[in-house]
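> I am attaching a structure below and will ask some questions about it afterwards.
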Amino acid sequence: MKNKESDYDELLKVIEYREDGNFYHKLGNKFREIGDKVGYINAIGYVFVNAGGKNFLAHRAAFYSHYGYLPECIDHINNNKADNRIENLRACTFSQNSHNAKLSKSNTTGVKGVCLHKKSGKYQVQVWSKNKNISGGIHSTIEEAEAVAIRLREELHGNFVNHG
């Protein structure tokens with residue numbers, strides 16, 4: 001369930017975002033003090049905050065608190081899903097966010113964008129950009145393939161480049 005901007009306005013009435021990237025209670029009661037830290041980390045590493053029975057992704061709440069709007073997607077620049085400092089968050093498209101992804105656990109070569117071409121036994125370069133698979137050719141060594149993959153990613157992904 002996606003929260004609306006008005007939901008974030010309500011959230012920010014009871015908790016506040018601070019430059020350390022965390023949220024803190026604005027109101028106290030018998031269970032918490034004003035200034036107590038809010039939030040929990042889920043199984044895949046994202047921080048959630050809760051208010052009024054609704055859960056919010058903390059990075060989206062932080063971005064909204066700072067900029068006053070919610071973009072299509074928000075990227076954690078350093079890939080740490082729990083680091084919600086504003087300098088680590090940037091608006092992006094879903095495609096740009098995928099460019100900043102780490103090396104996939106299913107990668108068998110240890111090099112992002114490079115796989116073994118089974119027919120030839122050589123290394124094939126494939127880099128995704130704007131929902132298209134861009135071929136970087138087939139290379140004799142993994143070092144050659146890696147150099148081509150790096151060059152392609154830098155060319156295609158710009159500021160969102162991540163080599164793994």
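Letters A, B, ... go to the chains of the structure tokens in the order shown; residues in each chain start at 1; ligands are counted from 1 in the same order.
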Quick one: residues within 10 Å of A:Ile41, only C-alpha atoms, excluding same-chain residues fewer than 4 positions away - as a list in words?

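The residues satisfying every condition are Gly45, Tyr46, Val47, Phe48, Val49, Leu57, Ala58, Lys81 and Ala82 of chain A.
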
> Can you tell me, as a tab-separated table (two decimals) with N, CA, C and O atoms, in the first residue's frame, what residues are no more than 10 Å from stretch 11-15 of chain A when counting only C-alpha atoms, ignoring any on the same chain fewer than 6 positions away?


chain	number	residue	atom	x	y	z
A	5	GLU	N	0.83	11.80	-0.05
A	5	GLU	CA	1.54	12.92	0.56
A	5	GLU	C	0.80	13.43	1.79
A	5	GLU	O	1.43	13.81	2.79
A	22	ASN	N	17.52	9.91	11.12
A	22	ASN	CA	16.54	9.19	11.93
A	22	ASN	C	15.34	10.07	12.26
A	22	ASN	O	15.38	11.29	12.08
A	23	PHE	N	14.30	9.41	12.75
A	23	PHE	CA	13.08	10.11	13.18
A	23	PHE	C	12.94	9.98	14.68
A	23	PHE	O	13.34	8.98	15.27
A	24	TYR	N	12.30	11.02	15.27
A	24	TYR	CA	12.14	11.08	16.72
A	24	TYR	C	10.72	11.55	17.05
A	24	TYR	O	10.15	12.37	16.33
A	25	HIS	N	10.20	11.04	18.17
A	25	HIS	CA	8.85	11.42	18.61
A	25	HIS	C	8.79	12.89	18.99
A	25	HIS	O	9.67	13.40	19.69
A	26	LYS	N	7.73	13.56	18.54
A	26	LYS	CA	7.47	14.94	18.95
A	26	LYS	C	6.57	14.97	20.18
A	26	LYS	O	6.55	15.94	20.91
A	27	LEU	N	5.80	13.90	20.37
A	27	LEU	CA	4.83	13.83	21.45
A	27	LEU	C	5.18	12.66	22.38
A	27	LEU	O	5.56	11.59	21.91
A	28	GLY	N	5.01	12.86	23.64
A	28	GLY	CA	5.24	11.79	24.59
A	28	GLY	C	3.93	11.20	25.08
A	28	GLY	O	2.86	11.79	24.91
A	34	ILE	N	9.23	12.30	24.65
A	34	ILE	CA	9.53	13.19	23.53
A	34	ILE	C	11.02	13.03	23.22
A	34	ILE	O	11.85	12.99	24.12
A	35	GLY	N	11.34	12.89	21.96
A	35	GLY	CA	12.73	12.74	21.54
A	35	GLY	C	13.20	11.31	21.41
A	35	GLY	O	14.32	11.07	20.97
A	36	ASP	N	12.35	10.33	21.80
A	36	ASP	CA	12.73	8.93	21.60
A	36	ASP	C	12.80	8.64	20.11
A	36	ASP	O	11.99	9.12	19.32
A	37	LYS	N	13.77	7.82	19.74
A	37	LYS	CA	13.97	7.42	18.35
A	37	LYS	C	12.82	6.53	17.89
A	37	LYS	O	12.31	5.71	18.66
A	38	VAL	N	12.42	6.71	16.63
A	38	VAL	CA	11.32	5.96	16.04
A	38	VAL	C	11.88	5.09	14.91
A	38	VAL	O	12.76	5.52	14.18
A	49	VAL	N	8.99	3.58	9.74
A	49	VAL	CA	8.46	4.31	10.88
A	49	VAL	C	6.95	4.10	10.88
A	49	VAL	O	6.35	3.86	9.83
A	50	ASN	N	6.34	4.17	12.04
A	50	ASN	CA	4.91	3.90	12.16
A	50	ASN	C	4.25	5.03	12.92
A	50	ASN	O	4.78	5.51	13.91
A	51	ALA	N	3.09	5.44	12.42
A	51	ALA	CA	2.29	6.44	13.13
A	51	ALA	C	0.84	6.24	12.73
A	51	ALA	O	0.53	6.00	11.56
A	52	GLY	N	-0.04	6.31	13.69
A	52	GLY	CA	-1.46	6.18	13.42
A	52	GLY	C	-1.83	4.84	12.79
A	52	GLY	O	-2.75	4.75	12.01
A	54	LYS	N	-0.16	3.23	10.61
A	54	LYS	CA	0.34	3.10	9.23
A	54	LYS	C	1.86	3.00	9.26
A	54	LYS	O	2.52	3.70	10.03
A	55	ASN	N	2.40	2.15	8.40
A	55	ASN	CA	3.84	2.02	8.24
A	55	ASN	C	4.31	2.87	7.07
A	55	ASN	O	3.64	2.92	6.03
A	56	PHE	N	5.45	3.49	7.23
A	56	PHE	CA	6.04	4.34	6.21
A	56	PHE	C	7.50	3.95	6.02
A	56	PHE	O	8.22	3.74	7.00
A	61	ALA	N	9.81	9.12	3.84
A	61	ALA	CA	9.39	10.14	4.81
A	61	ALA	C	10.49	11.20	4.96
A	61	ALA	O	10.19	12.39	5.05
A	62	ALA	N	11.74	10.78	4.97
A	62	ALA	CA	12.86	11.73	5.09
A	62	ALA	C	12.91	12.64	3.88
A	62	ALA	O	13.05	13.87	4.02
A	64	TYR	N	10.47	13.40	1.83
A	64	TYR	CA	9.30	14.29	1.87
A	64	TYR	C	9.48	15.40	2.92
A	64	TYR	O	9.17	16.56	2.66
A	65	SER	N	10.00	15.04	4.06
A	65	SER	CA	10.22	16.02	5.13
A	65	SER	C	11.16	17.12	4.67
A	65	SER	O	10.95	18.30	4.96

> Extract, using only C-alpha atoms, all DNA, RNA and protein residues at most 12 Å from A:Gln126, discarding same-chain residues fewer than 3 positions from it, and format them as a count of residues only.

26

> From the list A:His76, A:Lys2, A:Lys130, A:Lys102, which residue is nearest A:His157 when using only C-alpha atoms?

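Closest candidate: A:Lys130.
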
> State, in Å with one decimal place, the distance from atom CA of A:Asp9 to atom CA of A:Thr93.

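It comes out at 23.3 Å.
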
> Pick out the closest residue to A:Asp83 from this set: A:Asn29, A:Glu19, A:Asn107, A:Val127. Count only C-alpha atoms.

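Closest to A:Asp83, using only C-alpha atoms: A:Glu19.
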
> State, in Å with one decimal place, the distance from atom CA of A:Ile86 to atom CA of A:His66.

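According to the coordinates, atom CA of A:Ile86 and atom CA of A:His66 are separated by 7.5 Å.
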
> Can you list, as a PyMOL selection string, all residues belonging to stretch 36-112 of chain A that DSSP tags as helix (DSSP H, G or I)?

chain A and resi 58-67+86-88+94-99

> Export C-alpha atoms of the chosen residues as a tab-separated table (two decimals), in the first residue's frame?


chain	number	residue	atom	x	y	z
A	58	ALA	CA	11.70	6.06	6.42
A	59	HIS	CA	13.68	7.11	3.33
A	60	ARG	CA	10.48	8.31	1.64
A	61	ALA	CA	9.39	10.14	4.81
A	62	ALA	CA	12.86	11.73	5.09
A	63	PHE	CA	12.82	12.88	1.48
A	64	TYR	CA	9.30	14.29	1.87
A	65	SER	CA	10.22	16.02	5.13
A	66	HIS	CA	13.21	17.72	3.51
A	67	TYR	CA	11.95	18.49	-0.02
A	86	ILE	CA	19.38	13.45	3.22
A	87	GLU	CA	22.80	13.63	1.52
A	88	ASN	CA	22.50	9.88	0.84
A	94	PHE	CA	13.11	3.11	-11.30
A	95	SER	CA	15.56	2.54	-14.15
A	96	GLN	CA	18.20	4.81	-12.59
A	97	ASN	CA	17.72	3.11	-9.24
A	98	SER	CA	18.42	-0.27	-10.83
A	99	HIS	CA	21.69	1.09	-12.31

> Could you please determine the separation between atom CA of A:Asn131 and atom CA of A:Lys118 in Å, to one decimal place?

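That distance, rounded to one decimal, is 24.2 Å.
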
> Which residue is closest to A:Gly110? Choose from A:Asn159, A:Ala147, A:Gly164, A:Val125 and count only C-alpha atoms.

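With only C-alpha atoms as the atom set, the closest residue is A:Gly164.
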